[in-house]
Each structure stands twice: as C-alpha cells, then as structure tokens.
Amino acid sequence: MTVRAVVCGVGHYLPKRIVENNEFEATIDTTDEWIRSRSGIERRHFATENDTTSSMATEAARAALQDSGCEANDLDAIVLATSTADFTFPSAATMVQHQLGMTQGFAFDIQAVCAGFIYALANANALITSGQANRVLVIGAETFSKIIDWSDRTTSVLFGDGAGALILEAQDGNGGPSDRGILSTDLNSDGRFRDLLYVDGGVSTGSTGYLRMQGNQVFRHAVEKLASTANNALKSAKVSTNEVDWIVPHQANIRIIQGTAKKMNLPMDRVVVTVQDHGNTSAASIPLAMSVARDRGQIKRGDVLVTEAIGGGLAWGAVVLRW
C-alpha cells in the first residue's frame, strides 16, 4: 500500500470590498476595456480595515474545516503560503493556529510568491507521505493591496486579496494513478530572473516597498515554464493529458492561462478560470479557484487536476492530484 495525501475539505474567503475596473479610471491612465483586454480581469477584492492575511487565512481555514467535518485539533500541521504576512515574524501560520484554537501540532509559512501554494502542497504532501503528519491544513492567503504602487498603471490593476484553504489527510492507495490524492509534484526556481518580479523593500531597505514587475518578460517565461512543469508532473504521475479533467492554473492573466492550455493541447472548457472576479491573488489564487470551482459543481470527486503557478524568484511548479 502507498500513503496518499487526499483532499478532504476546501474553503475560501474574500474581502467584502469589491473594486470594479472603472474605479481605476479616476486615478490612473487606464480604462475598463484596456484592463480586460490585457488581463481578463473585471474586478477584484481588496482587504478592508478589518482584514489581514492571517484573519483571511483563518476564515478560509474555518470553511475548509467545516467542509471536512474536522475540528482544529484534528490537524497535525498548518502550512501557509504567503508573501504578505502580517509581520516579519511570527509566522502567519502560527497566528492562524491560535485563532483556530489549535493547541497542538505545528505551523509554518512558505514564501514562493505566486508559486507559494504549489510549494505548500508539495511540503504538506511530503509531511504526510513520510509519516510526520496525518492531516495538514494548507492555506494560500495574500493582501497584495498593501504592497501596490497605486501610481503604476501596469501593476496596480492586476492584483487582489483573499484566501483559500485545503485539508489533506493520509489515506491508503495502491500506488498508481487511479489513487485519490496527490500523485506527483514538480518544483523549480531560477534566481537569475529575480529582477523580473520583486518588491523593492525589506529589512535591507527599512521599508515595506512596492511590487515591481517587467510584465512582458514574465509573460515570456510563464507560458513555457508552466506548460513544461505541468507536463513533467503529469509524466511523473503516469497520467496523460487526455486523462486530465481540469487545469487549475494560477490566476494571473487570461492570456497566460490560454497560452499554457494551448501549449498543453487542452481546451479552455477544461480550465478553471476565476481571474475575472479575483484578479491575481498570488499564493491564494489556486486554492481560491479550487474552492470556487468545487462550489460551482465543476470539480467532482475522482477528477484529475493539474495545477501550476509561477512567481517571483523566479519560482514555478505543478501538482497533479485526483480529487
């Protein structure tokens, strides 16, 4: 028998403040049509004064716990992917642990920007398959609105805030692609490209800083690297593209999503798309999309999903799982 990390609960949280594209027209040189045509984004959610990364992560976690039928102390670990934690330390994950009332186990953050949730899934999978944990809460949560330069028309319209969460638990499988759970992971990074997407702040500067991005260069790397990592993960899982029910991509830009699907020879009707309603929520985008797609009735038990993302670093990767 093989131990698999199987999804047993999913949930998400979005701030109440919804910002339509036309709100930007009053402050920067842009239009609703320009934003839609270049990104596919129509609206996004921004954190209110009561929303923080840890509070949104906690709400998403509560929704996933309710969905799974588990209590907080049924968890062995929390792995939280974020680049916008409330503080330099402690980790947002330990704050969620406290807010959930989880009094045992361990919690930690992972920072791989938009690829963070892929890295978090891979780490949670390793904890479960190695026997170090039986049930792991995996969260992606971001408040990118706190690091946006509102005078930059190329980045300020792209990002949003929110959180999504999955609960993975150990279940026995046969060791083949028919098993439920995570079937393979593929992680990559290349620090030579750090200047393509970064925040110009941190402990070395004494300020939080703002997000900076060379959009055209990121796009050029994204489609090729996302298709490559997804195909590598499928090969490792011994799953063909014909067997994939859904691609659940990082929701950064509709043109990247379309380009990756085309490169993988998969039609768009097998791609989960939420970017129009959420914008780019970085590490939160994949679990948000999974939760929304499950609620829509798209993702069903037994479906094969391939999910992929690329972010600053550059860091990128993919996970294949059977729901």
# chains A, B, ... in the order shown; residues from 1 in each chain; ligands from 1
call {"tool": "residues_around", "arguments": {"residues": "Ile147 (chain A)", "least_positions_apart": "6", "cutoff": "7 Å", "atoms": "only C-alpha atoms", "output": "mmCIF file with N, CA and C atoms, in the first residue's frame"}}
result
data_model
loop_
_atom_site.group_PDB
_atom_site.id
_atom_site.type_symbol
_atom_site.label_atom_id
_atom_site.label_comp_id
_atom_site.auth_asym_id
_atom_site.auth_seq_id
_atom_site.Cartn_x
_atom_site.Cartn_y
_atom_site.Cartn_z
ATOM 1 N N GLY A 209 8.152 48.573 0.925
ATOM 2 C CA GLY A 209 8.398 48.585 -0.512
ATOM 3 C C GLY A 209 7.159 48.309 -1.332
ATOM 4 N N TYR A 210 7.342 48.346 -2.659
ATOM 5 C CA TYR A 210 6.254 48.120 -3.599
ATOM 6 C C TYR A 210 6.625 47.039 -4.610
ATOM 7 N N LEU A 211 5.599 46.412 -5.134
ATOM 8 C CA LEU A 211 5.788 45.382 -6.152
ATOM 9 C C LEU A 211 6.271 46.019 -7.450
#
call {"tool": "closest_atom_pairs", "arguments": {"of": "region 115-221 of chain A", "to": "region 247-253 of chain A", "cutoff": "12 Å", "atoms": "only C-alpha atoms", "output": "Markdown table"}}
result
| residue | atom | partner | partner_atom | distance |
| --- | --- | --- | --- | --- |
| A:Ala115 | CA | A:His250 | CA | 7.9 |
| A:Gly116 | CA | A:His250 | CA | 10.2 |
| A:Phe117 | CA | A:His250 | CA | 9.3 |
| A:Ile118 | CA | A:His250 | CA | 9.5 |
| A:Gly140 | CA | A:His250 | CA | 11.6 |
| A:Thr155 | CA | A:Ala252 | CA | 11.3 |
| A:Val157 | CA | A:Asn253 | CA | 11.4 |
| A:Leu158 | CA | A:Ala252 | CA | 7.7 |
| A:Phe159 | CA | A:Ala252 | CA | 8.2 |
| A:Gly160 | CA | A:Ala252 | CA | 10.2 |
| A:Gly215 | CA | A:Asn253 | CA | 10.5 |
| A:Asn216 | CA | A:Asn253 | CA | 11.8 |
| A:Val218 | CA | A:Ala252 | CA | 10.8 |
| A:Phe219 | CA | A:Asn253 | CA | 8.9 |
call {"tool": "write_last_selection", "arguments": {"atoms": "C-alpha atoms", "output": "compact mmCIF listing (two decimals), in the first residue's frame"}}
result
# COMPACT_ATOMS: atom_id res chain seq x y z
CA ALA A 115 4.02 29.69 -6.72
CA GLY A 116 3.65 29.54 -2.94
CA PHE A 117 0.62 27.29 -2.82
CA ILE A 118 2.28 24.74 -5.12
CA GLY A 140 -2.78 30.41 0.49
CA THR A 155 0.62 46.55 -11.88
CA VAL A 157 -4.92 46.93 -11.72
CA LEU A 158 -3.78 43.30 -11.67
CA PHE A 159 -3.81 42.19 -8.05
CA GLY A 160 -6.39 41.34 -5.42
CA GLY A 215 5.31 42.19 -17.36
CA ASN A 216 6.39 41.28 -20.88
CA VAL A 218 7.31 37.49 -17.00
CA PHE A 219 4.75 36.56 -19.68
call {"tool": "atom_distance", "arguments": {"atom1": "CA of Glu33 (chain A)", "atom2": "CA of Gly279 (chain A)"}}
result
14.9 Å
call {"tool": "atom_distance", "arguments": {"atom1": "CA of Ile286 (chain A)", "atom2": "CA of Ser151 (chain A)"}}
result
27.6 Å
call {"tool": "residues_around", "arguments": {"residues": "region 242-244 of chain A", "least_positions_apart": "6", "cutoff": "12 Å", "atoms": "only C-alpha atoms", "output": "MDAnalysis selection string"}}
result
chainID A and resid 177:178 230:231 233:235 261 264:267 269:271 299 302:307 320:323
call {"tool": "write_last_selection", "arguments": {"atoms": "N, CA and C atoms", "output": "PDB file, in the first residue's frame"}}
result
ATOM      1  N   PRO A 177      -1.891   5.660 -10.649  1.00  0.00           N
ATOM      2  CA  PRO A 177      -2.584   6.904 -10.989  1.00  0.00           C
ATOM      3  C   PRO A 177      -4.083   6.886 -10.703  1.00  0.00           C
ATOM      4  N   SER A 178      -4.646   5.720 -10.381  1.00  0.00           N
ATOM      5  CA  SER A 178      -6.068   5.665 -10.044  1.00  0.00           C
ATOM      6  C   SER A 178      -6.332   6.060  -8.602  1.00  0.00           C
ATOM      7  N   ALA A 230       3.960  21.454 -15.790  1.00  0.00           N
ATOM      8  CA  ALA A 230       2.736  20.654 -15.761  1.00  0.00           C
ATOM      9  C   ALA A 230       2.942  19.321 -16.468  1.00  0.00           C
ATOM     10  N   ASN A 231       3.595  19.349 -17.620  1.00  0.00           N
ATOM     11  CA  ASN A 231       3.853  18.101 -18.351  1.00  0.00           C
ATOM     12  C   ASN A 231       4.805  17.190 -17.585  1.00  0.00           C
ATOM     13  N   ALA A 233       5.054  17.020 -14.303  1.00  0.00           N
ATOM     14  CA  ALA A 233       4.278  16.438 -13.209  1.00  0.00           C
ATOM     15  C   ALA A 233       3.342  15.343 -13.715  1.00  0.00           C
ATOM     16  N   LEU A 234       2.736  15.555 -14.876  1.00  0.00           N
ATOM     17  CA  LEU A 234       1.862  14.528 -15.463  1.00  0.00           C
ATOM     18  C   LEU A 234       2.652  13.269 -15.788  1.00  0.00           C
ATOM     19  N   LYS A 235       3.846  13.442 -16.338  1.00  0.00           N
ATOM     20  CA  LYS A 235       4.687  12.290 -16.653  1.00  0.00           C
ATOM     21  C   LYS A 235       5.039  11.519 -15.389  1.00  0.00           C
ATOM     22  N   ALA A 261      -2.693  26.496 -21.699  1.00  0.00           N
ATOM     23  CA  ALA A 261      -3.626  25.442 -22.113  1.00  0.00           C
ATOM     24  C   ALA A 261      -3.366  25.028 -23.559  1.00  0.00           C
ATOM     25  N   MET A 264      -0.348  22.908 -23.906  1.00  0.00           N
ATOM     26  CA  MET A 264      -0.586  21.565 -23.386  1.00  0.00           C
ATOM     27  C   MET A 264      -1.631  20.793 -24.201  1.00  0.00           C
ATOM     28  N   ASN A 265      -2.152  21.445 -25.256  1.00  0.00           N
ATOM     29  CA  ASN A 265      -3.175  20.837 -26.124  1.00  0.00           C
ATOM     30  C   ASN A 265      -4.439  20.465 -25.358  1.00  0.00           C
ATOM     31  N   LEU A 266      -4.830  21.356 -24.444  1.00  0.00           N
ATOM     32  CA  LEU A 266      -6.058  21.164 -23.682  1.00  0.00           C
ATOM     33  C   LEU A 266      -7.007  22.325 -23.959  1.00  0.00           C
ATOM     34  N   PRO A 267      -8.294  22.038 -24.174  1.00  0.00           N
ATOM     35  CA  PRO A 267      -9.254  23.103 -24.493  1.00  0.00           C
ATOM     36  C   PRO A 267      -9.587  23.937 -23.261  1.00  0.00           C
ATOM     37  N   ASP A 269     -12.383  24.741 -22.140  1.00  0.00           N
ATOM     38  CA  ASP A 269     -13.522  24.266 -21.350  1.00  0.00           C
ATOM     39  C   ASP A 269     -13.117  23.244 -20.296  1.00  0.00           C
ATOM     40  N   ARG A 270     -11.815  22.920 -20.245  1.00  0.00           N
ATOM     41  CA  ARG A 270     -11.290  22.074 -19.171  1.00  0.00           C
ATOM     42  C   ARG A 270     -10.342  22.855 -18.267  1.00  0.00           C
ATOM     43  N   VAL A 271     -10.468  24.189 -18.294  1.00  0.00           N
ATOM     44  CA  VAL A 271      -9.642  25.067 -17.474  1.00  0.00           C
ATOM     45  C   VAL A 271     -10.537  25.844 -16.513  1.00  0.00           C
ATOM     46  N   ILE A 299     -15.538  20.821 -10.229  1.00  0.00           N
ATOM     47  CA  ILE A 299     -14.644  19.788  -9.706  1.00  0.00           C
ATOM     48  C   ILE A 299     -15.441  18.807  -8.869  1.00  0.00           C
ATOM     49  N   GLY A 302     -12.967  12.270  -7.668  1.00  0.00           N
ATOM     50  CA  GLY A 302     -12.400  11.394  -8.687  1.00  0.00           C
ATOM     51  C   GLY A 302     -11.808  12.120  -9.876  1.00  0.00           C
ATOM     52  N   ASP A 303     -12.050  13.443  -9.997  1.00  0.00           N
ATOM     53  CA  ASP A 303     -11.496  14.202 -11.118  1.00  0.00           C
ATOM     54  C   ASP A 303      -9.974  14.329 -10.980  1.00  0.00           C
ATOM     55  N   VAL A 304      -9.295  14.302 -12.127  1.00  0.00           N
ATOM     56  CA  VAL A 304      -7.846  14.524 -12.150  1.00  0.00           C
ATOM     57  C   VAL A 304      -7.583  15.998 -12.430  1.00  0.00           C
ATOM     58  N   LEU A 305      -6.816  16.629 -11.537  1.00  0.00           N
ATOM     59  CA  LEU A 305      -6.476  18.042 -11.662  1.00  0.00           C
ATOM     60  C   LEU A 305      -4.973  18.186 -11.842  1.00  0.00           C
ATOM     61  N   VAL A 306      -4.578  19.110 -12.713  1.00  0.00           N
ATOM     62  CA  VAL A 306      -3.185  19.559 -12.748  1.00  0.00           C
ATOM     63  C   VAL A 306      -3.217  21.054 -12.459  1.00  0.00           C
ATOM     64  N   THR A 307      -2.430  21.464 -11.484  1.00  0.00           N
ATOM     65  CA  THR A 307      -2.416  22.861 -11.076  1.00  0.00           C
ATOM     66  C   THR A 307      -0.988  23.367 -11.122  1.00  0.00           C
ATOM     67  N   VAL A 320      -0.083  17.329  -9.582  1.00  0.00           N
ATOM     68  CA  VAL A 320      -1.167  16.519 -10.151  1.00  0.00           C
ATOM     69  C   VAL A 320      -1.831  15.796  -9.005  1.00  0.00           C
ATOM     70  N   LEU A 321      -3.156  15.897  -8.942  1.00  0.00           N
ATOM     71  CA  LEU A 321      -3.882  15.203  -7.881  1.00  0.00           C
ATOM     72  C   LEU A 321      -5.223  14.706  -8.405  1.00  0.00           C
ATOM     73  N   ARG A 322      -5.694  13.647  -7.768  1.00  0.00           N
ATOM     74  CA  ARG A 322      -7.049  13.165  -8.042  1.00  0.00           C
ATOM     75  C   ARG A 322      -7.923  13.571  -6.864  1.00  0.00           C
ATOM     76  N   TRP A 323      -8.970  14.321  -7.151  1.00  0.00           N
ATOM     77  CA  TRP A 323      -9.824  14.919  -6.127  1.00  0.00           C
ATOM     78  C   TRP A 323     -10.575  13.848  -5.323  1.00  0.00           C
TER      79      TRP A 323
END
call {"tool": "closest_residue", "arguments": {"among": "A:Thr185, A:Thr94, A:Asn50, A:Thr143", "to": "Asn123 (chain A)", "atoms": "only C-alpha atoms"}}
result
A:Thr185
call {"tool": "closest_residue", "arguments": {"among": "A:Ala163, A:Leu121, A:Cys70, A:Val203", "to": "Ala318 (chain A)", "atoms": "only C-alpha atoms"}}
result
A:Leu121
call {"tool": "residues_around", "arguments": {"residues": "region 221-228 of chain A", "least_positions_apart": "5", "cutoff": "7 Å", "atoms": "only C-alpha atoms", "output": "PyMOL selection string"}}
result
chain A and resi 256+259-260+263-264+308-310
call {"tool": "write_last_selection", "arguments": {"atoms": "C-alpha atoms", "output": "PDB file, in the first residue's frame"}}
result
ATOM      1  CA  ILE A 256      -1.091  33.256 -19.810  1.00  0.00           C
ATOM      2  CA  GLY A 259      -1.346  30.174 -23.783  1.00  0.00           C
ATOM      3  CA  THR A 260      -0.486  27.446 -21.292  1.00  0.00           C
ATOM      4  CA  LYS A 263       0.741  24.590 -25.316  1.00  0.00           C
ATOM      5  CA  MET A 264      -0.586  21.565 -23.386  1.00  0.00           C
ATOM      6  CA  GLU A 308       0.537  25.104 -11.846  1.00  0.00           C
ATOM      7  CA  ALA A 309       1.947  28.507 -10.957  1.00  0.00           C
ATOM      8  CA  ILE A 310       4.921  30.815 -11.472  1.00  0.00           C
TER       9      ILE A 310
END
